[in-house]
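Working notes, structure below.
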Amino acid sequence: MLNMVSRRMLLALTLAASLCASHGLRAQPQTDPLPSWTEGATKKSITDFVARVTAQGTADFVPVERRIAVFDNDGTLWTEQPFYFQLAFAIDRVKALAPKHPEWKQKQPFKGLLAGDMKAVGAAGEKGLLQIVAASHAGMTTEAFSKVVADWLVTARHPRFSQPYSEIVYQPMLELLGYLRANGFKTFIVSGGGLEFMRVFAERVYGIPPEQVVGSSGMTKFEVGSDGKPVLMKLAKMEFVDDGPGKPVGINRFIGRRPIFAFGNSDGDQQMLQWTAAGSGARFMGIVHHTDAVREYAYDRKSHVGKLDRALDEGIKRGWTIVDMKQDWKRVFAFEN
């Protein structure tokens with residue numbers, strides 16, 4: 001009987017091999033899920049953590065429904081220099097809308113923006129930036145806004161890399177998102193960026209659906225249009241800022257579970273990392289440290305965009321994983337030669 005079973009198994013394997021050969025298929029060896037990450041302690045900290053929390057019957061095992069991973073967007077999943085991409089969009093929108101607003105030529109920060117005086121725009125501070133965003137984002141339906149963003153992403157190009165902004169994403173982080181999902185994690189964006197801005201591209205670029213994007217949001221108003229169809233109109237007023245201490249609040253409000261895995265890159269992510277670390281059981285906290293001026297940018301404590309100071313000190317002190325972009329990433333972007 002054993003010999004007959006063995007012969008049947010051998011026959012089945014032979015037939016399977018023949019079918020693969022006839023279709024030009026070959027058995028694929030197990031591949032590295034994170035090929036753009038340099039072998040070393042940083043990569044190992046990720047794979048070891050995933051192995052620990054997915055090993056059934058162990059003290060560190062985490063059920064699938066609790067495998068929540070959160071990622072900042074700007075500077076963590078895609079580039080944020082020389083300024084936030086959503087600001088680049090807002091600037092282009094203000095320029096396009098300027099003919100309808102002649103008063104902007106005499107009013108800061110619009111005056112400086114239209115004249116190309118970014119120092120004047122910067123001098124307006126956060127209040128001025130919010131004015132720019134409000135003026136460029138409001139006064140249209142949510143559907144119209146999504147289309148405007150989608151069209152802009154097709155035509156706009158990054159000033160240094162001459163690539164569409166949606167291509168300036170980090171290949172190692174795309175691999176990490178896929179690796180986590182393959183191991184039962186649910187991946188979320190938790191960013192200070194605009195909720196509806198990110199939702200336009202998040203699923204296509206990161207594989208993260210719109211309902212798993214948490215971000216800053218402006219107020220909207222339900223209206224019935226002249227055609228009788230209901231719409232949501234975007235208003236020139238902020239409703240929720242998902243940055244700094246707002247990130248744990250956003251996680252609690254929109255996700256409802258404390259993450260066990262979190263990645264950021266700036267002081268604006270510190271509270272999200274602290275909130276993740278404060279939970280019980282196995283925890284992973286990661287920080288992308290921009291150290292590669294050749295392939296991307298090098299900045300941290302003195303940067304006006306993506307400042308990394310207090311979070312870096314805490315991360316080092318508490319043993320969080322600090323990703324040295326220059327050392328830990330073999331490749332930064334998919335379009336690299």
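Just so we're on the same page: first chain in the structure tokens is A, next is B, and so on; residues restart at 1 for each chain, and ligands are numbered from 1 in the order they show up.
Non-sequential neighbours of Lys247 (chain A) (distance at most 10 Å, separation of 3 or more positions within a chain, only C-alpha atoms) are Asp72, Val190, Ser191, Gly192, Val214, Gly215, Ser216, Val241, Asp242, Asp243, Gly244, Gly250, Ile251, Asn252, Arg253, Gly268, Asp269, Gln270, Gln271, Met272, Leu273 and Trp275 of chain A.
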Those residues with C-alpha atoms, as a short mmCIF file (atom, residue, chain, number, x, y, z; two decimals), in the first residue's frame please?
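Below is the file again_15.cif, written as the result:
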data_model
loop_
_atom_site.label_atom_id
_atom_site.label_comp_id
_atom_site.auth_asym_id
_atom_site.auth_seq_id
_atom_site.Cartn_x
_atom_site.Cartn_y
_atom_site.Cartn_z
CA ASP A 72 2.93 58.95 8.31
CA VAL A 190 -2.04 58.71 9.59
CA SER A 191 -0.75 62.03 8.29
CA GLY A 192 -0.95 65.76 8.77
CA VAL A 214 -6.54 59.37 8.38
CA GLY A 215 -5.57 62.99 7.77
CA SER A 216 -6.31 66.64 8.39
CA VAL A 241 -5.61 68.77 12.21
CA ASP A 242 -4.05 65.32 12.25
CA ASP A 243 -0.55 66.24 13.34
CA GLY A 244 1.47 66.01 16.55
CA GLY A 250 -7.23 60.64 14.96
CA ILE A 251 -6.21 57.02 15.43
CA ASN A 252 -8.66 56.62 18.29
CA ARG A 253 -11.45 58.40 16.42
CA GLY A 268 5.07 65.66 14.17
CA ASP A 269 4.97 61.87 14.49
CA GLN A 270 6.38 61.69 18.02
CA GLN A 271 3.03 61.39 19.79
CA MET A 272 1.85 58.71 17.37
CA LEU A 273 4.99 56.70 18.14
CA TRP A 275 0.92 56.17 21.71
#
Item to check | 7 Å contact set for Lys326 (chain A), only C-alpha atoms, chain neighbours under 3 positions out, as an MDAnalysis selection string | outcome: chainID A and resid 291:292 329
List the neighbours of Gly178 (chain A) out to 9 Å using only C-alpha atoms; skip same-chain residues closer than 5 positions along the sequence, and give me the result as an mmCIF file with all heavy atoms, in the first residue's frame.
data_model
loop_
_atom_site.group_PDB
_atom_site.id
_atom_site.type_symbol
_atom_site.label_atom_id
_atom_site.label_comp_id
_atom_site.auth_asym_id
_atom_site.auth_seq_id
_atom_site.Cartn_x
_atom_site.Cartn_y
_atom_site.Cartn_z
ATOM 1 N N PRO A 33 11.302 39.438 0.835
ATOM 2 C CA PRO A 33 10.159 40.357 0.733
ATOM 3 C C PRO A 33 10.568 41.823 0.817
ATOM 4 O O PRO A 33 9.781 42.707 0.488
ATOM 5 C CB PRO A 33 9.293 39.966 1.930
ATOM 6 C CG PRO A 33 10.266 39.441 2.935
ATOM 7 C CD PRO A 33 11.320 38.728 2.133
ATOM 8 N N MET A 173 9.650 51.377 1.408
ATOM 9 C CA MET A 173 8.423 51.455 2.187
ATOM 10 C C MET A 173 7.255 50.782 1.474
ATOM 11 O O MET A 173 6.367 50.213 2.125
ATOM 12 C CB MET A 173 8.095 52.911 2.512
ATOM 13 C CG MET A 173 9.170 53.606 3.349
ATOM 14 S SD MET A 173 9.560 52.751 4.901
ATOM 15 C CE MET A 173 8.226 53.325 5.947
ATOM 16 N N ASN A 183 1.378 39.460 5.870
ATOM 17 C CA ASN A 183 1.422 38.808 7.178
ATOM 18 C C ASN A 183 0.242 39.216 8.063
ATOM 19 O O ASN A 183 0.333 39.167 9.292
ATOM 20 C CB ASN A 183 2.742 39.132 7.878
ATOM 21 C CG ASN A 183 3.895 38.299 7.335
ATOM 22 O OD1 ASN A 183 4.091 37.157 7.743
ATOM 23 N ND2 ASN A 183 4.632 38.861 6.391
ATOM 24 N N TYR A 206 -0.099 53.226 -2.874
ATOM 25 C CA TYR A 206 0.324 52.459 -1.709
ATOM 26 C C TYR A 206 -0.470 51.182 -1.466
ATOM 27 O O TYR A 206 -0.094 50.382 -0.608
ATOM 28 C CB TYR A 206 0.193 53.316 -0.440
ATOM 29 C CG TYR A 206 0.939 54.618 -0.463
ATOM 30 C CD1 TYR A 206 0.301 55.803 -0.079
ATOM 31 C CD2 TYR A 206 2.276 54.687 -0.839
ATOM 32 C CE1 TYR A 206 0.976 57.011 -0.065
ATOM 33 C CE2 TYR A 206 2.959 55.894 -0.844
ATOM 34 C CZ TYR A 206 2.302 57.057 -0.453
ATOM 35 O OH TYR A 206 2.971 58.253 -0.442
ATOM 36 N N GLY A 207 -1.582 51.010 -2.181
ATOM 37 C CA GLY A 207 -2.442 49.876 -1.892
ATOM 38 C C GLY A 207 -3.253 50.078 -0.628
ATOM 39 O O GLY A 207 -3.753 49.115 -0.037
#
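The residues of region 32-188 of chain A that DSSP assigns to strand (DSSP E) on this backbone come out as Ile68, Ala69, Val70, Phe71, Lys186, Thr187 and Phe188 of chain A.
Note that CA of Gly75 (chain A) and CA of Asp300 (chain A) are 11.0 Å apart.
Atom pair CA of Val70 (chain A) / CA of Val200 (chain A): separated by 18.4 Å.
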Item to check | Close residues, Thr187 (chain A) itself excluded, 8 Å, only C-alpha atoms, min 5 positions apart in chain, as a PyMOL selection string | outcome: chain A and resi 68-71+177+180-181+208+212
